[in-house]
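Below is the file structure12.pdb, which contains PDB, C-alpha atoms.
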MODEL        1
ATOM      1  CA  MET A   1     108.500 100.021 130.511  1.00  0.00           C
ATOM      2  CA  HIS A   2     105.244  99.951 128.606  1.00  0.00           C
ATOM      3  CA  LYS A   3     104.026 101.528 125.396  1.00  0.00           C
ATOM      4  CA  SER A   4     100.943 103.375 124.204  1.00  0.00           C
ATOM      5  CA  ARG A   5      99.657 105.390 121.289  1.00  0.00           C
ATOM      6  CA  LEU A   6      96.543 106.941 119.837  1.00  0.00           C
ATOM      7  CA  ALA A   7      94.604 104.028 118.387  1.00  0.00           C
ATOM      8  CA  GLY A   8      91.531 105.707 117.026  1.00  0.00           C
ATOM      9  CA  PHE A   9      88.300 107.264 118.034  1.00  0.00           C
ATOM     10  CA  ILE A  10      84.777 106.246 118.727  1.00  0.00           C
ATOM     11  CA  ILE A  11      81.778 108.168 117.516  1.00  0.00           C
ATOM     12  CA  ASP A  12      79.278 107.738 120.345  1.00  0.00           C
ATOM     13  CA  CYS A  13      75.725 108.102 119.073  1.00  0.00           C
ATOM     14  CA  ASP A  14      72.600 108.433 121.193  1.00  0.00           C
ATOM     15  CA  THR A  15      70.457 106.759 118.573  1.00  0.00           C
ATOM     16  CA  ASN A  16      67.927 104.004 118.091  1.00  0.00           C
ATOM     17  CA  ASP A  17      69.217 103.380 114.560  1.00  0.00           C
ATOM     18  CA  LEU A  18      72.876 102.437 114.775  1.00  0.00           C
ATOM     19  CA  ASP A  19      72.964 101.376 111.110  1.00  0.00           C
ATOM     20  CA  ALA A  20      71.804 104.811 110.013  1.00  0.00           C
ATOM     21  CA  ALA A  21      74.328 106.519 112.280  1.00  0.00           C
ATOM     22  CA  ALA A  22      77.151 104.285 111.069  1.00  0.00           C
ATOM     23  CA  GLY A  23      76.060 104.796 107.462  1.00  0.00           C
ATOM     24  CA  PHE A  24      76.182 108.563 107.875  1.00  0.00           C
ATOM     25  CA  TRP A  25      79.719 108.559 109.277  1.00  0.00           C
ATOM     26  CA  ALA A  26      80.851 105.986 106.725  1.00  0.00           C
ATOM     27  CA  LYS A  27      79.827 108.318 103.912  1.00  0.00           C
ATOM     28  CA  VAL A  28      81.260 111.379 105.646  1.00  0.00           C
ATOM     29  CA  LEU A  29      84.656 109.699 106.025  1.00  0.00           C
ATOM     30  CA  GLY A  30      84.601 107.573 102.878  1.00  0.00           C
ATOM     31  CA  ALA A  31      85.139 104.519 105.076  1.00  0.00           C
ATOM     32  CA  PRO A  32      82.557 101.760 104.462  1.00  0.00           C
ATOM     33  CA  VAL A  33      80.876  99.975 107.361  1.00  0.00           C
ATOM     34  CA  GLN A  34      82.386  96.557 108.027  1.00  0.00           C
ATOM     35  CA  HIS A  35      79.082  94.924 108.927  1.00  0.00           C
ATOM     36  CA  ALA A  36      75.493  95.617 109.867  1.00  0.00           C
ATOM     37  CA  ALA A  37      74.780  96.494 113.474  1.00  0.00           C
ATOM     38  CA  ASP A  38      73.936  93.558 115.731  1.00  0.00           C
ATOM     39  CA  LEU A  39      73.101  94.985 119.120  1.00  0.00           C
ATOM     40  CA  SER A  40      72.611  91.526 120.559  1.00  0.00           C
ATOM     41  CA  LYS A  41      76.369  91.071 120.169  1.00  0.00           C
ATOM     42  CA  SER A  42      77.912  94.527 120.265  1.00  0.00           C
ATOM     43  CA  PRO A  43      77.020  98.216 120.384  1.00  0.00           C
ATOM     44  CA  TYR A  44      79.776  98.920 117.819  1.00  0.00           C
ATOM     45  CA  VAL A  45      80.008  99.140 114.042  1.00  0.00           C
ATOM     46  CA  GLU A  46      83.564  99.438 112.721  1.00  0.00           C
ATOM     47  CA  LEU A  47      84.373 101.518 109.659  1.00  0.00           C
ATOM     48  CA  ASN A  48      86.999 100.408 107.128  1.00  0.00           C
ATOM     49  CA  MET A  49      89.581 103.151 107.462  1.00  0.00           C
ATOM     50  CA  PRO A  50      92.664 103.024 105.208  1.00  0.00           C
ATOM     51  CA  ALA A  51      95.675 101.138 106.571  1.00  0.00           C
ATOM     52  CA  GLY A  52      97.817 103.260 108.838  1.00  0.00           C
ATOM     53  CA  GLU A  53      94.975 105.595 109.795  1.00  0.00           C
ATOM     54  CA  PRO A  54      93.291 105.563 113.200  1.00  0.00           C
ATOM     55  CA  TYR A  55      90.385 103.197 113.570  1.00  0.00           C
ATOM     56  CA  VAL A  56      86.910 104.626 113.720  1.00  0.00           C
ATOM     57  CA  GLU A  57      83.959 102.891 115.315  1.00  0.00           C
ATOM     58  CA  VAL A  58      80.384 104.089 115.670  1.00  0.00           C
ATOM     59  CA  GLN A  59      78.835 103.142 118.999  1.00  0.00           C
ATOM     60  CA  LYS A  60      75.261 103.205 120.256  1.00  0.00           C
ATOM     61  CA  VAL A  61      75.246 104.897 123.654  1.00  0.00           C
ATOM     62  CA  ASP A  62      72.663 105.940 126.215  1.00  0.00           C
ATOM     63  CA  HIS A  63      74.307 109.262 127.002  1.00  0.00           C
ATOM     64  CA  ALA A  64      74.664 112.398 124.900  1.00  0.00           C
ATOM     65  CA  SER A  65      76.328 111.881 121.518  1.00  0.00           C
ATOM     66  CA  ARG A  66      80.003 112.727 121.412  1.00  0.00           C
ATOM     67  CA  VAL A  67      83.375 111.608 120.067  1.00  0.00           C
ATOM     68  CA  HIS A  68      85.958 109.951 122.276  1.00  0.00           C
ATOM     69  CA  ILE A  69      89.591 109.007 121.869  1.00  0.00           C
ATOM     70  CA  ASP A  70      90.972 105.490 122.367  1.00  0.00           C
ATOM     71  CA  ILE A  71      94.548 105.001 123.550  1.00  0.00           C
ATOM     72  CA  GLU A  72      95.952 101.502 122.962  1.00  0.00           C
ATOM     73  CA  SER A  73      98.598 100.042 125.256  1.00  0.00           C
ATOM     74  CA  ASP A  74     100.508  96.815 125.757  1.00  0.00           C
ATOM     75  CA  ASP A  75      99.875  97.287 129.504  1.00  0.00           C
ATOM     76  CA  VAL A  76      96.491  98.856 130.165  1.00  0.00           C
ATOM     77  CA  ASP A  77      96.984  98.978 133.933  1.00  0.00           C
ATOM     78  CA  ALA A  78     100.384 100.685 133.685  1.00  0.00           C
ATOM     79  CA  GLU A  79      99.033 103.143 131.143  1.00  0.00           C
ATOM     80  CA  VAL A  80      96.130 104.017 133.430  1.00  0.00           C
ATOM     81  CA  VAL A  81      98.582 104.669 136.270  1.00  0.00           C
ATOM     82  CA  ARG A  82     100.637 106.905 133.952  1.00  0.00           C
ATOM     83  CA  LEU A  83      97.536 108.854 132.907  1.00  0.00           C
ATOM     84  CA  GLU A  84      96.314 109.224 136.473  1.00  0.00           C
ATOM     85  CA  LYS A  85      99.668 110.791 137.354  1.00  0.00           C
ATOM     86  CA  LEU A  86      99.056 113.283 134.550  1.00  0.00           C
ATOM     87  CA  GLY A  87      95.738 114.226 136.135  1.00  0.00           C
ATOM     88  CA  ALA A  88      93.236 111.890 134.504  1.00  0.00           C
ATOM     89  CA  ARG A  89      90.526 110.368 136.679  1.00  0.00           C
ATOM     90  CA  ARG A  90      89.606 106.701 136.434  1.00  0.00           C
ATOM     91  CA  ILE A  91      85.873 106.338 135.850  1.00  0.00           C
ATOM     92  CA  THR A  92      85.253 102.641 135.276  1.00  0.00           C
ATOM     93  CA  ALA A  93      86.550  99.452 133.714  1.00  0.00           C
ATOM     94  CA  ILE A  94      84.548  97.679 130.992  1.00  0.00           C
ATOM     95  CA  LYS A  95      85.730  94.270 129.844  1.00  0.00           C
ATOM     96  CA  LYS A  96      89.390  94.759 128.917  1.00  0.00           C
ATOM     97  CA  TRP A  97      89.407  98.537 128.769  1.00  0.00           C
ATOM     98  CA  VAL A  98      89.336 101.449 131.193  1.00  0.00           C
ATOM     99  CA  VAL A  99      87.373 104.697 130.898  1.00  0.00           C
ATOM    100  CA  LEU A 100      89.168 107.825 132.094  1.00  0.00           C
ATOM    101  CA  GLU A 101      88.234 111.489 132.316  1.00  0.00           C
ATOM    102  CA  ALA A 102      90.646 114.284 131.425  1.00  0.00           C
ATOM    103  CA  PRO A 103      91.077 117.284 133.744  1.00  0.00           C
ATOM    104  CA  THR A 104      89.138 119.235 131.113  1.00  0.00           C
ATOM    105  CA  GLY A 105      86.260 116.756 131.230  1.00  0.00           C
ATOM    106  CA  GLN A 106      86.546 114.641 128.083  1.00  0.00           C
ATOM    107  CA  ARG A 107      86.083 110.922 128.638  1.00  0.00           C
ATOM    108  CA  PHE A 108      88.525 108.645 126.827  1.00  0.00           C
ATOM    109  CA  CYS A 109      89.517 104.993 126.930  1.00  0.00           C
ATOM    110  CA  VAL A 110      92.626 102.879 127.317  1.00  0.00           C
ATOM    111  CA  VAL A 111      92.318  99.628 125.390  1.00  0.00           C
ATOM    112  CA  PRO A 112      94.586  96.650 124.681  1.00  0.00           C
ATOM    113  CA  VAL A 113      96.721  96.752 121.532  1.00  0.00           C
ATOM    114  CA  VAL A 114      94.682  96.811 118.339  1.00  0.00           C
ATOM    115  CA  SER A 115      96.976  98.228 115.634  1.00  0.00           C
ATOM    116  CA  ALA A 116      99.126  95.858 113.577  1.00  0.00           C
ATOM    117  CA  ASP A 117     101.965  98.400 113.628  1.00  0.00           C
ATOM    118  CA  PHE A 118     101.681  99.155 117.343  1.00  0.00           C
ATOM    119  CA  ALA A 119     105.224  98.130 118.303  1.00  0.00           C
ATOM    120  CA  ALA A 120     106.812 100.343 115.662  1.00  0.00           C
ATOM    121  CA  ARG A 121     104.622 103.388 116.233  1.00  0.00           C
ATOM    122  CA  ALA A 122     103.926 103.426 119.966  1.00  0.00           C
ATOM    123  CA  HIS A 123     105.605 105.653 122.535  1.00  0.00           C
ATOM    124  CA  ALA A 124     107.674 103.943 125.223  1.00  0.00           C
ATOM    125  CA  TRP A 125     107.115 105.164 128.773  1.00  0.00           C
ATOM    126  CA  ASN A 126     109.601 104.532 131.544  1.00  0.00           C
ATOM    127  CA  GLU A 127     107.676 104.389 134.812  1.00  0.00           C
ATOM    128  CA  ASP A 128     110.851 105.007 136.785  1.00  0.00           C
ATOM    129  CA  LYS A 129     111.213 108.520 135.447  1.00  0.00           C
TER     130      LYS A 129
ATOM    131  CA  MET B   1      84.503 116.435  91.394  1.00  0.00           C
ATOM    132  CA  HIS B   2      86.011 117.354  94.714  1.00  0.00           C
ATOM    133  CA  LYS B   3      87.911 115.460  97.378  1.00  0.00           C
ATOM    134  CA  SER B   4      87.835 115.157 101.146  1.00  0.00           C
ATOM    135  CA  ARG B   5      89.238 113.079 103.951  1.00  0.00           C
ATOM    136  CA  LEU B   6      89.539 112.911 107.714  1.00  0.00           C
ATOM    137  CA  ALA B   7      92.190 115.482 108.596  1.00  0.00           C
ATOM    138  CA  GLY B   8      92.347 115.218 112.345  1.00  0.00           C
ATOM    139  CA  PHE B   9      90.527 116.134 115.459  1.00  0.00           C
ATOM    140  CA  ILE B  10      90.287 118.999 117.840  1.00  0.00           C
ATOM    141  CA  ILE B  11      90.204 118.573 121.600  1.00  0.00           C
ATOM    142  CA  ASP B  12      87.881 121.360 122.715  1.00  0.00           C
ATOM    143  CA  CYS B  13      88.613 122.375 126.289  1.00  0.00           C
ATOM    144  CA  ASP B  14      86.483 124.614 128.482  1.00  0.00           C
ATOM    145  CA  THR B  15      89.485 125.864 130.392  1.00  0.00           C
ATOM    146  CA  ASN B  16      91.203 129.034 131.555  1.00  0.00           C
ATOM    147  CA  ASP B  17      94.600 127.363 131.235  1.00  0.00           C
ATOM    148  CA  LEU B  18      95.071 126.291 127.640  1.00  0.00           C
ATOM    149  CA  ASP B  19      98.760 125.498 128.214  1.00  0.00           C
ATOM    150  CA  ALA B  20      97.889 123.056 130.973  1.00  0.00           C
ATOM    151  CA  ALA B  21      95.188 121.432 128.846  1.00  0.00           C
ATOM    152  CA  ALA B  22      97.503 121.144 125.843  1.00  0.00           C
ATOM    153  CA  GLY B  23     100.269 119.824 128.076  1.00  0.00           C
ATOM    154  CA  PHE B  24      98.001 117.104 129.422  1.00  0.00           C
ATOM    155  CA  TRP B  25      96.974 115.888 125.974  1.00  0.00           C
ATOM    156  CA  ALA B  26     100.540 116.164 124.677  1.00  0.00           C
ATOM    157  CA  LYS B  27     101.696 113.772 127.381  1.00  0.00           C
ATOM    158  CA  VAL B  28      98.721 111.465 126.919  1.00  0.00           C
ATOM    159  CA  LEU B  29      99.411 111.150 123.187  1.00  0.00           C
ATOM    160  CA  GLY B  30     103.203 111.445 123.274  1.00  0.00           C
ATOM    161  CA  ALA B  31     102.906 114.392 120.887  1.00  0.00           C
ATOM    162  CA  PRO B  32     104.712 117.516 122.116  1.00  0.00           C
ATOM    163  CA  VAL B  33     103.058 120.928 121.946  1.00  0.00           C
ATOM    164  CA  GLN B  34     104.314 122.984 119.018  1.00  0.00           C
ATOM    165  CA  HIS B  35     104.224 126.291 120.905  1.00  0.00           C
ATOM    166  CA  ALA B  36     102.894 127.997 123.993  1.00  0.00           C
ATOM    167  CA  ALA B  37      99.317 129.220 123.900  1.00  0.00           C
ATOM    168  CA  ASP B  38      98.845 132.797 122.719  1.00  0.00           C
ATOM    169  CA  LEU B  39      95.159 133.570 123.031  1.00  0.00           C
ATOM    170  CA  SER B  40      95.687 137.032 121.569  1.00  0.00           C
ATOM    171  CA  LYS B  41      96.437 135.288 118.268  1.00  0.00           C
ATOM    172  CA  SER B  42      94.643 131.941 118.371  1.00  0.00           C
ATOM    173  CA  PRO B  43      92.618 129.670 120.658  1.00  0.00           C
ATOM    174  CA  TYR B  44      94.584 126.665 119.342  1.00  0.00           C
ATOM    175  CA  VAL B  45      97.727 124.800 120.369  1.00  0.00           C
ATOM    176  CA  GLU B  46      98.878 122.206 117.834  1.00  0.00           C
ATOM    177  CA  LEU B  47     100.471 118.941 118.922  1.00  0.00           C
ATOM    178  CA  ASN B  48     103.345 117.379 116.946  1.00  0.00           C
ATOM    179  CA  MET B  49     101.778 114.141 115.793  1.00  0.00           C
ATOM    180  CA  PRO B  50     103.914 111.706 113.767  1.00  0.00           C
ATOM    181  CA  ALA B  51     103.855 112.149 109.985  1.00  0.00           C
ATOM    182  CA  GLY B  52     100.927 110.409 108.360  1.00  0.00           C
ATOM    183  CA  GLU B  53      98.774 110.510 111.494  1.00  0.00           C
ATOM    184  CA  PRO B  54      95.791 112.823 111.909  1.00  0.00           C
ATOM    185  CA  TYR B  55      96.557 116.238 113.299  1.00  0.00           C
ATOM    186  CA  VAL B  56      95.519 117.008 116.847  1.00  0.00           C
ATOM    187  CA  GLU B  57      94.898 120.484 118.166  1.00  0.00           C
ATOM    188  CA  VAL B  58      93.814 121.561 121.627  1.00  0.00           C
ATOM    189  CA  GLN B  59      91.368 124.464 121.564  1.00  0.00           C
ATOM    190  CA  LYS B  60      90.088 126.774 124.282  1.00  0.00           C
ATOM    191  CA  VAL B  61      86.311 126.960 123.993  1.00  0.00           C
ATOM    192  CA  ASP B  62      83.456 128.569 125.893  1.00  0.00           C
ATOM    193  CA  HIS B  63      81.156 125.556 125.635  1.00  0.00           C
ATOM    194  CA  ALA B  64      81.368 122.146 127.279  1.00  0.00           C
ATOM    195  CA  SER B  65      84.597 120.255 126.640  1.00  0.00           C
ATOM    196  CA  ARG B  66      84.444 117.692 123.858  1.00  0.00           C
ATOM    197  CA  VAL B  67      86.329 116.241 120.907  1.00  0.00           C
ATOM    198  CA  HIS B  68      85.411 117.088 117.331  1.00  0.00           C
ATOM    199  CA  ILE B  69      86.410 115.775 113.938  1.00  0.00           C
ATOM    200  CA  ASP B  70      87.855 117.905 111.127  1.00  0.00           C
ATOM    201  CA  ILE B  71      87.263 116.935 107.507  1.00  0.00           C
ATOM    202  CA  GLU B  72      89.624 118.580 105.012  1.00  0.00           C
ATOM    203  CA  SER B  73      88.540 119.288 101.446  1.00  0.00           C
ATOM    204  CA  ASP B  74      89.850 120.945  98.312  1.00  0.00           C
ATOM    205  CA  ASP B  75      86.372 122.485  97.934  1.00  0.00           C
ATOM    206  CA  VAL B  76      84.835 123.330 101.290  1.00  0.00           C
ATOM    207  CA  ASP B  77      81.558 124.556  99.804  1.00  0.00           C
ATOM    208  CA  ALA B  78      81.052 121.443  97.676  1.00  0.00           C
ATOM    209  CA  GLU B  79      81.907 119.224 100.616  1.00  0.00           C
ATOM    210  CA  VAL B  80      79.366 121.019 102.793  1.00  0.00           C
ATOM    211  CA  VAL B  81      76.706 120.460 100.119  1.00  0.00           C
ATOM    212  CA  ARG B  82      77.644 116.762  99.997  1.00  0.00           C
ATOM    213  CA  LEU B  83      77.399 116.449 103.768  1.00  0.00           C
ATOM    214  CA  GLU B  84      74.092 118.296 103.916  1.00  0.00           C
ATOM    215  CA  LYS B  85      72.692 115.768 101.439  1.00  0.00           C
ATOM    216  CA  LEU B  86      73.796 113.029 103.845  1.00  0.00           C
ATOM    217  CA  GLY B  87      71.795 114.692 106.609  1.00  0.00           C
ATOM    218  CA  ALA B  88      74.270 117.043 108.264  1.00  0.00           C
ATOM    219  CA  ARG B  89      73.062 120.490 109.300  1.00  0.00           C
ATOM    220  CA  ARG B  90      75.107 123.593 108.621  1.00  0.00           C
ATOM    221  CA  ILE B  91      75.613 125.534 111.856  1.00  0.00           C
ATOM    222  CA  THR B  92      77.960 128.391 111.003  1.00  0.00           C
ATOM    223  CA  ALA B  93      81.006 129.464 109.009  1.00  0.00           C
ATOM    224  CA  ILE B  94      84.155 130.674 110.783  1.00  0.00           C
ATOM    225  CA  LYS B  95      86.935 132.147 108.686  1.00  0.00           C
ATOM    226  CA  LYS B  96      87.653 129.506 106.030  1.00  0.00           C
ATOM    227  CA  TRP B  97      85.852 126.597 107.658  1.00  0.00           C
ATOM    228  CA  VAL B  98      82.277 125.468 108.216  1.00  0.00           C
ATOM    229  CA  VAL B  99      80.765 123.920 111.346  1.00  0.00           C
ATOM    230  CA  LEU B 100      78.231 121.161 110.773  1.00  0.00           C
ATOM    231  CA  GLU B 101      76.105 118.983 113.039  1.00  0.00           C
ATOM    232  CA  ALA B 102      75.561 115.282 112.413  1.00  0.00           C
ATOM    233  CA  PRO B 103      72.058 113.782 112.603  1.00  0.00           C
ATOM    234  CA  THR B 104      73.222 112.199 115.871  1.00  0.00           C
ATOM    235  CA  GLY B 105      74.267 115.587 117.263  1.00  0.00           C
ATOM    236  CA  GLN B 106      78.059 115.718 117.071  1.00  0.00           C
ATOM    237  CA  ARG B 107      79.463 118.971 115.738  1.00  0.00           C
ATOM    238  CA  PHE B 108      82.305 118.667 113.228  1.00  0.00           C
ATOM    239  CA  CYS B 109      84.131 120.942 110.805  1.00  0.00           C
ATOM    240  CA  VAL B 110      85.029 121.090 107.140  1.00  0.00           C
ATOM    241  CA  VAL B 111      88.328 122.886 106.620  1.00  0.00           C
ATOM    242  CA  PRO B 112      90.567 123.639 103.626  1.00  0.00           C
ATOM    243  CA  VAL B 113      93.313 121.162 102.784  1.00  0.00           C
ATOM    244  CA  VAL B 114      95.924 120.813 105.511  1.00  0.00           C
ATOM    245  CA  SER B 115      97.637 117.452 104.945  1.00  0.00           C
ATOM    246  CA  ALA B 116     100.711 117.273 102.720  1.00  0.00           C
ATOM    247  CA  ASP B 117      99.510 113.936 101.336  1.00  0.00           C
ATOM    248  CA  PHE B 118      95.923 115.054 100.799  1.00  0.00           C
ATOM    249  CA  ALA B 119      95.787 114.411  97.045  1.00  0.00           C
ATOM    250  CA  ALA B 120      96.997 110.846  97.390  1.00  0.00           C
ATOM    251  CA  ARG B 121      94.851 109.923 100.368  1.00  0.00           C
ATOM    252  CA  ALA B 122      91.589 111.809  99.871  1.00  0.00           C
ATOM    253  CA  HIS B 123      88.321 110.361  98.599  1.00  0.00           C
ATOM    254  CA  ALA B 124      86.984 111.708  95.314  1.00  0.00           C
ATOM    255  CA  TRP B 125      83.278 112.560  95.227  1.00  0.00           C
ATOM    256  CA  ASN B 126      81.355 112.945  92.032  1.00  0.00           C
ATOM    257  CA  GLU B 127      78.544 115.414  92.657  1.00  0.00           C
ATOM    258  CA  ASP B 128      76.684 114.156  89.592  1.00  0.00           C
ATOM    259  CA  LYS B 129      76.062 110.767  91.141  1.00  0.00           C
TER     260      LYS B 129
ENDMDL
END

Using the file provided, produce a representation of the structure as structure tokens.
Amino acid sequence: MHKSRLAGFIIDCDTNDLDAAAGFWAKVLGAPVQHAADLSKSPYVELNMPAGEPYVEVQKVDHASRVHIDIESDDVDAEVVRLEKLGARRITAIKKWVVLEAPTGQRFCVVPVVSADFAARAHAWNEDK
Amino acid sequence: MHKSRLAGFIIDCDTNDLDAAAGFWAKVLGAPVQHAADLSKSPYVELNMPAGEPYVEVQKVDHASRVHIDIESDDVDAEVVRLEKLGARRITAIKKWVVLEAPTGQRFCVVPVVSADFAARAHAWNEDK
């Protein structure tokens, strides 16, 4: 048995000014940026969402801007297998996460557990069923 | 003064089988569909997300599949003005909501209040500042 849940979403921005993009979304959502962008370390800027709400990160990307969903799981590999059985297609693995594509075309990611309340709020999946 | 907050997100699907698309995302998220699709009434199927989490709806669309954010507000017009000042571009109004485009290209919507706990959790914006 493994668990998973919606962890948050990533606002993918095709931009040369990640700080400006993060600043825009921070003001839209009322969720301040956690830090200035430092592309030498990471393409992400996290926003300070209220406790209990999904995380939101603004990412610099080299493809068209979009929004994608992150699923967190205590067993990324098992979750990917579960999602593939549902019809998702595995695209690639990056560091500790896996990029999938839905039958309807949206890309989304499976990532290791991030939320403090994961155990209480996640869905348990029985692979034998 | 008006208020707004992240309400949820819409999974826009370029599909001829909205039930299948909604069923996929329901199983991904562990959030059952609330009802079968009825395109004669609505292009949306709502998923039963846990209380306190953002709402998720699966929508049949005629453009490329994507995910978009919904912002809820007790004053849609004032919120649109606020967002335009941040750099968003107003695209169109549909029924009671307004479609905007971020400087980085993502479309998103401002909708009337949906969440039961809106008043407690929303951000207050002072238009005079």

Given the ChimeraX specification (/A :<10) & /B and the file above, list the residues it selects as an mmCIF file with C-alpha atoms, in the frame of the given file.
data_model
loop_
_atom_site.group_PDB
_atom_site.id
_atom_site.type_symbol
_atom_site.label_atom_id
_atom_site.label_comp_id
_atom_site.auth_asym_id
_atom_site.auth_seq_id
_atom_site.Cartn_x
_atom_site.Cartn_y
_atom_site.Cartn_z
ATOM 1 C CA SER B 4 87.835 115.157 101.146
ATOM 2 C CA ARG B 5 89.238 113.079 103.951
ATOM 3 C CA LEU B 6 89.539 112.911 107.714
ATOM 4 C CA ALA B 7 92.190 115.482 108.596
ATOM 5 C CA GLY B 8 92.347 115.218 112.345
ATOM 6 C CA PHE B 9 90.527 116.134 115.459
ATOM 7 C CA ILE B 11 90.204 118.573 121.600
ATOM 8 C CA ASP B 12 87.881 121.360 122.715
ATOM 9 C CA CYS B 13 88.613 122.375 126.289
ATOM 10 C CA ASP B 14 86.483 124.614 128.482
ATOM 11 C CA THR B 15 89.485 125.864 130.392
ATOM 12 C CA ASP B 17 94.600 127.363 131.235
ATOM 13 C CA LEU B 18 95.071 126.291 127.640
ATOM 14 C CA ALA B 20 97.889 123.056 130.973
ATOM 15 C CA ALA B 21 95.188 121.432 128.846
ATOM 16 C CA GLY B 23 100.269 119.824 128.076
ATOM 17 C CA PHE B 24 98.001 117.104 129.422
ATOM 18 C CA TRP B 25 96.974 115.888 125.974
ATOM 19 C CA LYS B 27 101.696 113.772 127.381
ATOM 20 C CA VAL B 28 98.721 111.465 126.919
ATOM 21 C CA LEU B 29 99.411 111.150 123.187
ATOM 22 C CA GLY B 30 103.203 111.445 123.274
ATOM 23 C CA ALA B 31 102.906 114.392 120.887
ATOM 24 C CA MET B 49 101.778 114.141 115.793
ATOM 25 C CA PRO B 50 103.914 111.706 113.767
ATOM 26 C CA GLY B 52 100.927 110.409 108.360
ATOM 27 C CA GLU B 53 98.774 110.510 111.494
ATOM 28 C CA PRO B 54 95.791 112.823 111.909
ATOM 29 C CA ALA B 64 81.368 122.146 127.279
ATOM 30 C CA SER B 65 84.597 120.255 126.640
ATOM 31 C CA ARG B 66 84.444 117.692 123.858
ATOM 32 C CA VAL B 67 86.329 116.241 120.907
ATOM 33 C CA HIS B 68 85.411 117.088 117.331
ATOM 34 C CA ILE B 69 86.410 115.775 113.938
ATOM 35 C CA ILE B 71 87.263 116.935 107.507
ATOM 36 C CA GLU B 79 81.907 119.224 100.616
ATOM 37 C CA ARG B 82 77.644 116.762 99.997
ATOM 38 C CA LEU B 83 77.399 116.449 103.768
ATOM 39 C CA LEU B 86 73.796 113.029 103.845
ATOM 40 C CA GLY B 87 71.795 114.692 106.609
ATOM 41 C CA ALA B 88 74.270 117.043 108.264
ATOM 42 C CA ALA B 102 75.561 115.282 112.413
ATOM 43 C CA PRO B 103 72.058 113.782 112.603
ATOM 44 C CA THR B 104 73.222 112.199 115.871
ATOM 45 C CA GLY B 105 74.267 115.587 117.263
ATOM 46 C CA GLN B 106 78.059 115.718 117.071
ATOM 47 C CA ARG B 107 79.463 118.971 115.738
ATOM 48 C CA PHE B 108 82.305 118.667 113.228
ATOM 49 C CA ARG B 121 94.851 109.923 100.368
ATOM 50 C CA ALA B 122 91.589 111.809 99.871
ATOM 51 C CA HIS B 123 88.321 110.361 98.599
ATOM 52 C CA ALA B 124 86.984 111.708 95.314
ATOM 53 C CA TRP B 125 83.278 112.560 95.227
#

*Measure the distance from CA of Ala116 in chain A to CA of Arg90 in chain A in Å and round it to one decimal.*
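One can read the CA of Ala116 in chain A to CA of Arg90 in chain A distance as 27.0 Å.
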
Adding 8 Å on each side of the box along x, y and z that holds all listed atoms of range 79-98 of chain A, could you give its centre and edge lengths in Å to one decimal, as AutoDock Vina command-line options?
--center_x 92.6 --center_y 104.2 --center_z 133.1 --size_x 32.1 --size_y 36.0 --size_z 24.6

*Non-local contacts of range 39-42 of chain A (12 Å; all atoms listed in the file; under 6 positions in same chain excluded) as a PyMOL selection string*: chain A and resi 16-19+57-61

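From CA of Ala22 in chain B back to CA of Asp117 in chain A, the distance works out to 26.2 Å.
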
_Quick check, in Å to one decimal: how far apart do CA of Lys85 in chain B and CA of Tyr55 in chain B lie?_
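Atom-to-atom, CA of Lys85 in chain B and CA of Tyr55 in chain B are spaced 26.7 Å apart.
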
*Within 12 Å of Thr92 in chain B, counting only C-alpha atoms, which residues qualify if same-chain residues fewer than 3 places away don't, as a PyMOL selection string?*
chain B and resi 80+89+95-101+107-110

*Convert the output of the PyMOL selection byres ((chain A and resi 75) around 10) on the shown file into explicit residues, formatted as a ChimeraX atom specification.*
/A:1-4,72-74,76-80,110-113

Write out N, CA and C atoms for range 10-19 of chain B, as a compact mmCIF listing (two decimals), keeping the file's coordinate frame.
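Here's the written file part_1.txt:
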# COMPACT_ATOMS: atom_id res chain seq x y z
N ILE B 10 90.04 117.87 116.96
CA ILE B 10 90.29 119.00 117.84
C ILE B 10 89.77 118.63 119.22
N ILE B 11 90.61 118.82 120.23
CA ILE B 11 90.20 118.57 121.60
C ILE B 11 89.77 119.91 122.19
N ASP B 12 88.46 120.10 122.24
CA ASP B 12 87.88 121.36 122.72
C ASP B 12 87.85 121.36 124.24
N CYS B 13 88.49 122.35 124.83
CA CYS B 13 88.61 122.38 126.29
C CYS B 13 88.01 123.66 126.86
N ASP B 14 87.06 123.49 127.75
CA ASP B 14 86.48 124.61 128.48
C ASP B 14 87.41 124.88 129.66
N THR B 15 88.43 125.68 129.40
CA THR B 15 89.48 125.86 130.39
C THR B 15 90.00 127.30 130.37
N ASN B 16 90.52 127.74 131.50
CA ASN B 16 91.20 129.03 131.56
C ASN B 16 92.71 128.86 131.47
N ASP B 17 93.16 127.63 131.32
CA ASP B 17 94.60 127.36 131.24
C ASP B 17 94.86 126.45 130.04
N LEU B 18 94.91 127.07 128.87
CA LEU B 18 95.07 126.29 127.64
C LEU B 18 96.41 125.56 127.62
N ASP B 19 97.45 126.18 128.18
CA ASP B 19 98.76 125.50 128.21
C ASP B 19 98.69 124.21 129.03
